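Q: The following file, my_file.cif, comprises mmCIF, N, CA and C atoms:
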```cif
data_run
loop_
_atom_site.label_atom_id
_atom_site.label_comp_id
_atom_site.auth_asym_id
_atom_site.auth_seq_id
_atom_site.Cartn_x
_atom_site.Cartn_y
_atom_site.Cartn_z
N MET A 16 188.79 117.54 155.10
CA MET A 16 187.62 116.70 154.97
C MET A 16 187.19 116.61 153.52
N THR A 17 186.58 115.51 153.28
CA THR A 17 186.13 115.26 151.92
C THR A 17 184.75 115.83 151.72
N ALA A 18 184.39 115.92 150.49
CA ALA A 18 183.10 116.51 150.15
C ALA A 18 181.95 115.59 150.52
N ASN A 19 182.17 114.28 150.48
CA ASN A 19 181.08 113.34 150.77
C ASN A 19 181.56 112.34 151.82
N PRO A 20 181.44 112.71 153.11
CA PRO A 20 181.95 111.81 154.14
C PRO A 20 181.13 110.50 154.22
N LEU A 21 179.86 110.53 153.91
CA LEU A 21 179.04 109.33 153.98
C LEU A 21 179.47 108.33 152.92
N ALA A 22 179.71 108.77 151.75
CA ALA A 22 180.14 107.87 150.67
C ALA A 22 181.49 107.27 151.00
N ASP A 23 182.34 108.04 151.65
CA ASP A 23 183.65 107.52 152.06
C ASP A 23 183.48 106.42 153.11
N ARG A 24 182.61 106.65 154.04
CA ARG A 24 182.40 105.65 155.11
C ARG A 24 181.78 104.38 154.54
N VAL A 25 180.85 104.50 153.60
CA VAL A 25 180.22 103.34 152.97
C VAL A 25 181.28 102.56 152.20
N ALA A 26 182.16 103.25 151.51
CA ALA A 26 183.22 102.58 150.75
C ALA A 26 184.16 101.86 151.70
N ALA A 27 184.45 102.46 152.85
CA ALA A 27 185.34 101.82 153.82
C ALA A 27 184.69 100.56 154.40
N LEU A 28 183.41 100.64 154.69
CA LEU A 28 182.69 99.46 155.23
C LEU A 28 182.64 98.35 154.19
N GLU A 29 182.37 98.68 152.95
CA GLU A 29 182.30 97.67 151.90
C GLU A 29 183.66 97.02 151.69
N ALA A 30 184.74 97.79 151.88
CA ALA A 30 186.08 97.23 151.74
C ALA A 30 186.35 96.23 152.86
N LYS A 31 185.79 96.49 154.05
CA LYS A 31 186.00 95.58 155.18
C LYS A 31 185.23 94.27 155.00
N VAL A 32 183.99 94.33 154.46
CA VAL A 32 183.18 93.12 154.30
C VAL A 32 183.56 92.33 153.08
N GLY A 33 184.30 92.85 152.25
CA GLY A 33 184.80 92.09 151.11
C GLY A 33 183.94 92.27 149.88
N HIS A 34 183.49 91.19 149.34
CA HIS A 34 182.78 91.19 148.06
C HIS A 34 181.29 91.53 148.18
N LYS A 35 180.74 91.70 149.40
CA LYS A 35 179.30 91.98 149.58
C LYS A 35 179.08 93.48 149.72
N THR A 36 177.90 93.89 149.28
CA THR A 36 177.52 95.29 149.48
C THR A 36 176.92 95.42 150.87
N ILE A 37 176.77 96.63 151.31
CA ILE A 37 176.18 96.87 152.64
C ILE A 37 174.73 96.38 152.66
N ALA A 38 174.00 96.58 151.57
CA ALA A 38 172.60 96.12 151.51
C ALA A 38 172.52 94.61 151.65
N GLU A 39 173.40 93.89 150.99
CA GLU A 39 173.42 92.42 151.12
C GLU A 39 173.77 92.02 152.54
N GLN A 40 174.75 92.74 153.12
CA GLN A 40 175.16 92.43 154.50
C GLN A 40 174.00 92.65 155.47
N PHE A 41 173.29 93.80 155.30
CA PHE A 41 172.13 94.07 156.16
C PHE A 41 171.03 93.03 155.97
N ARG A 42 170.81 92.61 154.73
CA ARG A 42 169.79 91.60 154.44
C ARG A 42 170.14 90.29 155.15
N GLU A 43 171.41 89.87 155.08
CA GLU A 43 171.83 88.65 155.77
C GLU A 43 171.65 88.77 157.27
N GLN A 44 172.02 89.93 157.81
CA GLN A 44 171.85 90.15 159.25
C GLN A 44 170.37 90.10 159.63
N ALA A 45 169.52 90.70 158.79
CA ALA A 45 168.07 90.68 159.08
C ALA A 45 167.53 89.26 159.03
N GLU A 46 167.98 88.47 158.07
CA GLU A 46 167.54 87.08 157.98
C GLU A 46 167.99 86.28 159.20
N LEU A 47 169.23 86.53 159.64
CA LEU A 47 169.71 85.85 160.85
C LEU A 47 168.89 86.24 162.07
N ILE A 48 168.58 87.54 162.16
CA ILE A 48 167.76 88.01 163.29
C ILE A 48 166.38 87.37 163.22
N ASP A 49 165.80 87.28 162.02
CA ASP A 49 164.49 86.63 161.86
C ASP A 49 164.53 85.18 162.31
N ARG A 50 165.55 84.45 161.88
CA ARG A 50 165.66 83.04 162.27
C ARG A 50 165.83 82.90 163.77
N LEU A 51 166.67 83.76 164.35
CA LEU A 51 166.88 83.72 165.80
C LEU A 51 165.59 84.04 166.54
N PHE A 52 164.85 85.04 166.04
CA PHE A 52 163.58 85.41 166.66
C PHE A 52 162.60 84.24 166.59
N ILE A 53 162.50 83.60 165.42
CA ILE A 53 161.58 82.47 165.26
C ILE A 53 161.97 81.34 166.19
N TYR A 54 163.26 81.06 166.28
CA TYR A 54 163.73 79.98 167.15
C TYR A 54 163.39 80.29 168.60
N ARG A 55 163.70 81.53 169.04
CA ARG A 55 163.40 81.92 170.44
C ARG A 55 161.89 81.95 170.68
N PHE A 56 161.14 82.45 169.72
CA PHE A 56 159.70 82.52 169.90
C PHE A 56 159.09 81.12 169.98
N ASP A 57 159.58 80.19 169.17
CA ASP A 57 159.08 78.80 169.24
C ASP A 57 159.35 78.20 170.61
N GLU A 58 160.55 78.43 171.16
CA GLU A 58 160.86 77.92 172.50
C GLU A 58 159.92 78.53 173.53
N PHE A 59 159.75 79.85 173.46
CA PHE A 59 158.88 80.55 174.39
C PHE A 59 157.44 80.05 174.24
N ASP A 60 157.00 79.86 173.00
CA ASP A 60 155.65 79.39 172.73
C ASP A 60 155.43 77.99 173.31
N LYS A 61 156.41 77.12 173.15
CA LYS A 61 156.30 75.77 173.70
C LYS A 61 156.22 75.79 175.22
N LYS A 62 157.04 76.66 175.85
CA LYS A 62 157.01 76.76 177.31
C LYS A 62 155.64 77.24 177.78
N TRP A 63 155.11 78.27 177.11
CA TRP A 63 153.80 78.79 177.50
C TRP A 63 152.69 77.77 177.25
N ASP A 64 152.80 77.04 176.15
CA ASP A 64 151.81 75.99 175.89
C ASP A 64 151.82 74.95 176.99
N ALA A 65 153.02 74.56 177.42
CA ALA A 65 153.11 73.56 178.50
C ALA A 65 152.52 74.10 179.79
N LYS A 66 152.84 75.37 180.11
CA LYS A 66 152.29 75.98 181.34
C LYS A 66 150.77 76.07 181.26
N LEU A 67 150.29 76.55 180.12
CA LEU A 67 148.84 76.69 179.96
C LEU A 67 148.15 75.33 179.98
N ASP A 68 148.78 74.32 179.39
CA ASP A 68 148.19 72.99 179.40
C ASP A 68 148.04 72.47 180.82
N THR A 69 149.06 72.67 181.65
CA THR A 69 148.96 72.19 183.04
C THR A 69 147.91 72.98 183.80
N ARG A 70 147.87 74.29 183.59
CA ARG A 70 146.86 75.10 184.29
C ARG A 70 145.45 74.75 183.81
N PHE A 71 145.31 74.62 182.50
CA PHE A 71 143.99 74.28 181.97
C PHE A 71 143.58 72.87 182.32
N ALA A 72 144.54 71.98 182.47
CA ALA A 72 144.20 70.60 182.86
C ALA A 72 143.58 70.60 184.25
N ALA A 73 144.17 71.35 185.18
CA ALA A 73 143.60 71.43 186.52
C ALA A 73 142.22 72.08 186.47
N PHE A 74 142.11 73.16 185.70
CA PHE A 74 140.82 73.83 185.57
C PHE A 74 139.79 72.90 184.93
N GLU A 75 140.22 72.17 183.92
CA GLU A 75 139.32 71.24 183.23
C GLU A 75 138.86 70.13 184.16
N GLU A 76 139.76 69.64 185.01
CA GLU A 76 139.37 68.60 185.98
C GLU A 76 138.32 69.13 186.94
N LYS A 77 138.54 70.35 187.45
CA LYS A 77 137.56 70.96 188.37
C LYS A 77 136.22 71.14 187.66
N LEU A 78 136.29 71.65 186.44
CA LEU A 78 135.07 71.88 185.68
C LEU A 78 134.34 70.58 185.40
N ASN A 79 135.09 69.54 185.02
CA ASN A 79 134.47 68.24 184.76
C ASN A 79 133.83 67.68 186.02
N ALA A 80 134.50 67.85 187.17
CA ALA A 80 133.92 67.36 188.42
C ALA A 80 132.60 68.07 188.72
N ARG A 81 132.59 69.38 188.51
CA ARG A 81 131.35 70.13 188.74
C ARG A 81 130.26 69.71 187.75
N LEU A 82 130.67 69.56 186.50
CA LEU A 82 129.69 69.19 185.48
C LEU A 82 129.12 67.80 185.73
N VAL A 83 129.95 66.89 186.20
CA VAL A 83 129.46 65.54 186.50
C VAL A 83 128.43 65.62 187.63
N GLY A 84 128.75 66.42 188.66
CA GLY A 84 127.79 66.59 189.75
C GLY A 84 126.49 67.20 189.27
N LEU A 85 126.60 68.23 188.43
CA LEU A 85 125.40 68.86 187.89
C LEU A 85 124.63 67.90 187.00
N GLU A 86 125.36 67.13 186.23
CA GLU A 86 124.72 66.19 185.31
C GLU A 86 123.93 65.14 186.07
N THR A 87 124.54 64.59 187.13
CA THR A 87 123.83 63.56 187.89
C THR A 87 122.62 64.14 188.60
N SER A 88 122.77 65.33 189.19
CA SER A 88 121.61 65.91 189.87
C SER A 88 120.52 66.27 188.87
N LEU A 89 120.90 66.76 187.70
CA LEU A 89 119.91 67.07 186.68
C LEU A 89 119.22 65.81 186.19
N GLU A 90 119.98 64.75 185.98
CA GLU A 90 119.39 63.48 185.57
C GLU A 90 118.41 62.97 186.61
N GLU A 91 118.80 63.05 187.88
CA GLU A 91 117.92 62.57 188.94
C GLU A 91 116.63 63.38 188.98
N ARG A 92 116.76 64.71 188.87
CA ARG A 92 115.55 65.54 188.90
C ARG A 92 114.65 65.27 187.69
N LEU A 93 115.26 65.17 186.52
CA LEU A 93 114.46 64.88 185.33
C LEU A 93 113.79 63.52 185.42
N GLU A 94 114.54 62.55 185.91
CA GLU A 94 113.99 61.20 186.06
C GLU A 94 112.81 61.21 187.02
N ALA A 95 112.96 61.92 188.14
CA ALA A 95 111.87 61.99 189.11
C ALA A 95 110.64 62.66 188.50
N LYS A 96 110.86 63.77 187.78
CA LYS A 96 109.73 64.46 187.16
C LYS A 96 109.06 63.59 186.11
N LEU A 97 109.86 62.93 185.30
CA LEU A 97 109.28 62.07 184.27
C LEU A 97 108.50 60.92 184.90
N GLU A 98 109.05 60.35 185.97
CA GLU A 98 108.35 59.25 186.63
C GLU A 98 107.00 59.71 187.16
N THR A 99 106.98 60.87 187.84
CA THR A 99 105.71 61.34 188.39
C THR A 99 104.72 61.66 187.28
N LYS A 100 105.20 62.29 186.20
CA LYS A 100 104.28 62.61 185.10
C LYS A 100 103.76 61.35 184.44
N LEU A 101 104.65 60.40 184.20
CA LEU A 101 104.21 59.15 183.58
C LEU A 101 103.25 58.39 184.48
N GLU A 102 103.57 58.36 185.77
CA GLU A 102 102.68 57.67 186.71
C GLU A 102 101.30 58.31 186.72
N SER A 103 101.26 59.64 186.77
CA SER A 103 99.96 60.31 186.81
C SER A 103 99.18 60.09 185.52
N LYS A 104 99.87 60.16 184.38
CA LYS A 104 99.17 59.92 183.11
C LYS A 104 98.67 58.49 183.01
N LEU A 105 99.52 57.54 183.38
CA LEU A 105 99.09 56.15 183.34
C LEU A 105 97.93 55.91 184.30
N GLU A 106 98.02 56.52 185.47
CA GLU A 106 96.96 56.35 186.46
C GLU A 106 95.63 56.87 185.94
N THR A 107 95.65 58.06 185.33
CA THR A 107 94.39 58.61 184.82
C THR A 107 93.85 57.77 183.67
N LYS A 108 94.74 57.32 182.78
CA LYS A 108 94.28 56.49 181.67
C LYS A 108 93.72 55.16 182.17
N LEU A 109 94.43 54.54 183.11
CA LEU A 109 93.95 53.27 183.65
C LEU A 109 92.62 53.45 184.37
N GLU A 110 92.51 54.53 185.15
CA GLU A 110 91.25 54.78 185.85
C GLU A 110 90.11 54.94 184.86
N ALA A 111 90.35 55.69 183.79
CA ALA A 111 89.29 55.91 182.80
C ALA A 111 88.90 54.60 182.13
N LYS A 112 89.89 53.79 181.75
CA LYS A 112 89.58 52.51 181.10
C LYS A 112 88.85 51.58 182.06
N LEU A 113 89.35 51.49 183.28
CA LEU A 113 88.70 50.62 184.26
C LEU A 113 87.28 51.07 184.54
N GLU A 114 87.10 52.37 184.63
CA GLU A 114 85.77 52.91 184.91
C GLU A 114 84.80 52.56 183.79
N THR A 115 85.23 52.73 182.53
CA THR A 115 84.33 52.41 181.42
C THR A 115 84.03 50.92 181.36
N LYS A 116 85.05 50.08 181.57
CA LYS A 116 84.82 48.64 181.55
C LYS A 116 83.92 48.22 182.71
N LEU A 117 84.16 48.79 183.88
CA LEU A 117 83.35 48.45 185.04
C LEU A 117 81.91 48.88 184.83
N GLU A 118 81.72 50.08 184.29
CA GLU A 118 80.36 50.54 184.02
C GLU A 118 79.66 49.62 183.03
N ALA A 119 80.36 49.22 181.99
CA ALA A 119 79.75 48.34 180.99
C ALA A 119 79.38 47.00 181.60
N LYS A 120 80.27 46.43 182.40
CA LYS A 120 79.97 45.13 183.03
C LYS A 120 78.82 45.25 184.02
N LEU A 121 78.86 46.31 184.84
CA LEU A 121 77.78 46.50 185.80
C LEU A 121 76.45 46.70 185.09
N GLU A 122 76.48 47.47 184.03
CA GLU A 122 75.25 47.73 183.28
C GLU A 122 74.69 46.45 182.69
N SER A 123 75.56 45.64 182.09
CA SER A 123 75.07 44.39 181.49
C SER A 123 74.57 43.43 182.57
N LYS A 124 75.25 43.35 183.71
CA LYS A 124 74.80 42.47 184.79
C LYS A 124 73.49 42.95 185.38
N LEU A 125 73.39 44.27 185.58
CA LEU A 125 72.13 44.81 186.12
C LEU A 125 70.98 44.57 185.15
N GLU A 126 71.22 44.76 183.87
CA GLU A 126 70.17 44.51 182.88
C GLU A 126 69.74 43.05 182.91
N ALA A 127 70.71 42.16 182.99
CA ALA A 127 70.38 40.73 183.02
C ALA A 127 69.59 40.38 184.27
N LYS A 128 70.01 40.91 185.43
CA LYS A 128 69.30 40.61 186.68
C LYS A 128 67.89 41.20 186.66
N LEU A 129 67.79 42.46 186.19
CA LEU A 129 66.46 43.07 186.14
C LEU A 129 65.55 42.33 185.18
N GLU A 130 66.11 41.92 184.05
CA GLU A 130 65.32 41.19 183.07
C GLU A 130 64.84 39.86 183.65
N SER A 131 65.72 39.16 184.34
CA SER A 131 65.31 37.87 184.91
C SER A 131 64.28 38.07 186.02
N LYS A 132 64.45 39.11 186.84
CA LYS A 132 63.47 39.37 187.90
C LYS A 132 62.13 39.79 187.31
N LEU A 133 62.19 40.64 186.26
CA LEU A 133 60.94 41.05 185.63
C LEU A 133 60.24 39.86 184.99
N GLU A 134 61.01 38.99 184.34
CA GLU A 134 60.43 37.79 183.74
C GLU A 134 59.78 36.92 184.81
N ALA A 135 60.46 36.81 185.94
CA ALA A 135 59.92 35.98 187.02
C ALA A 135 58.62 36.57 187.56
N LYS A 136 58.56 37.90 187.66
CA LYS A 136 57.35 38.52 188.20
C LYS A 136 56.24 38.61 187.14
N LEU A 137 56.63 38.77 185.88
CA LEU A 137 55.62 38.92 184.84
C LEU A 137 55.06 37.58 184.36
N GLU A 138 55.75 36.48 184.61
CA GLU A 138 55.29 35.15 184.17
C GLU A 138 53.92 34.80 184.74
N PRO A 139 53.69 34.98 186.05
CA PRO A 139 52.34 34.66 186.54
C PRO A 139 51.27 35.58 185.94
N ILE A 140 51.65 36.85 185.72
CA ILE A 140 50.68 37.78 185.15
C ILE A 140 50.34 37.36 183.72
N ARG A 141 51.32 36.94 182.96
CA ARG A 141 51.09 36.47 181.59
C ARG A 141 50.19 35.24 181.58
N ASN A 142 50.47 34.37 182.53
CA ASN A 142 49.62 33.17 182.63
C ASN A 142 48.18 33.55 182.94
N ASP A 143 48.03 34.50 183.88
CA ASP A 143 46.68 34.95 184.23
C ASP A 143 46.01 35.62 183.03
N LEU A 144 46.79 36.45 182.29
CA LEU A 144 46.23 37.12 181.11
C LEU A 144 45.84 36.10 180.04
N ALA A 145 46.66 35.07 179.89
CA ALA A 145 46.34 34.03 178.91
C ALA A 145 45.05 33.32 179.32
N ALA A 146 44.89 33.07 180.62
CA ALA A 146 43.67 32.41 181.11
C ALA A 146 42.46 33.32 180.90
N VAL A 147 42.63 34.63 181.16
CA VAL A 147 41.53 35.58 180.97
C VAL A 147 41.18 35.66 179.50
N LYS A 148 42.19 35.64 178.64
CA LYS A 148 41.97 35.71 177.20
C LYS A 148 41.18 34.47 176.72
N ASP A 149 41.59 33.32 177.22
CA ASP A 149 40.88 32.09 176.85
C ASP A 149 39.43 32.12 177.36
N ALA A 150 39.29 32.62 178.59
CA ALA A 150 37.93 32.71 179.16
C ALA A 150 37.09 33.69 178.36
N ALA A 151 37.72 34.81 177.93
CA ALA A 151 36.98 35.81 177.15
C ALA A 151 36.58 35.22 175.80
N LYS A 152 37.43 34.41 175.20
CA LYS A 152 37.11 33.78 173.92
C LYS A 152 35.94 32.81 174.08
N VAL A 153 35.97 32.08 175.18
CA VAL A 153 34.90 31.11 175.43
C VAL A 153 33.58 31.86 175.64
N ILE A 154 33.65 32.94 176.40
CA ILE A 154 32.43 33.71 176.67
C ILE A 154 31.92 34.34 175.38
N LEU A 155 32.83 34.92 174.61
CA LEU A 155 32.43 35.55 173.35
C LEU A 155 31.91 34.51 172.35
N ALA A 156 32.43 33.32 172.42
CA ALA A 156 31.96 32.27 171.52
C ALA A 156 30.56 31.84 171.91
N ARG A 157 30.16 31.90 173.15
CA ARG A 157 28.85 31.48 173.61
C ARG A 157 27.79 32.56 173.39
N LEU A 158 28.18 33.72 173.22
CA LEU A 158 27.22 34.81 172.98
C LEU A 158 26.66 34.68 171.56
N PRO A 159 25.36 35.01 171.44
CA PRO A 159 24.78 34.86 170.11
C PRO A 159 25.20 35.89 169.15
#
```
Could you show the structure in this file as structure tokens?
A:
Amino acid sequence: MTANPLADRVAALEAKVGHKTIAEQFREQAELIDRLFIYRFDEFDKKWDAKLDTRFAAFEEKLNARLVGLETSLEERLEAKLETKLESKLETKLEAKLETKLEAKLESKLEAKLESKLEAKLEPIRNDLAAVKDAAKVILARLP
């Protein structure tokens, strides 16, 4: 046996590969393995992407169907609530405005009617007072 069996084996391997060193040979093999791994991984990745896309598409369809149902029911509920709130607010505002306008009109009409009735009743009294005043002037004028 030789003193350095490892060096002998390395020399024998290098003689078989020709002009390349073992390190270069290993580097080439590693690069080939890397390329093969990348190629296989890309194929595997594409297959999984396709599988996941089909599974997620079905899930997405179910989710969209549920969301559409929820969206329509939510819209209906919100619309109903908004309608009732708007109706109640409009109703209270309209009632308040109508009430103030009605009060103002009633007040002005009542004032006009009362004024005309008072004028009608006070007219004879004014005439009588004017006659009494004239009579008092005549009497006072005749007094010495």
Q: Which polymer residues have any atom within 7 Å of an atom of A:Leu28, counting all atoms listed in the file, with same-chain residues fewer than 5 positions away left out, as a PyMOL selection string?
A: chain A and resi 23+33+37
Q: Figure out the distance between atom CA of A:Ala45 and atom CA of A:Asp60, please, to one decimal in Å.
A: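 So the answer is 21.6 Å.
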Q: Could you work out how far atom CA of A:Ser131 lies from atom N of A:Thr115, giving the answer in Å with one decimal?
A: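 Answer for the atom N of A:Thr115 to atom CA of A:Ser131 separation: 25.0 Å.
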Q: Distance atom CA of A:Trp63-atom N of A:Glu76, one decimal place?
A: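 Between these atoms lies a distance of 18.4 Å.
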Q: Would you compute the box with edges along x, y and z of the file around stretch 98-116 of chain A, including every atom the file lists for it and 5 Å extra on each side, and give its centre and edge lengths in Å to one decimal, as lines of an AutoDock Vina configuration file?
A:
```
center_x = 96.5
center_y = 55.4
center_z = 184.7
size_x = 35.1
size_y = 24.4
size_z = 17.3
```
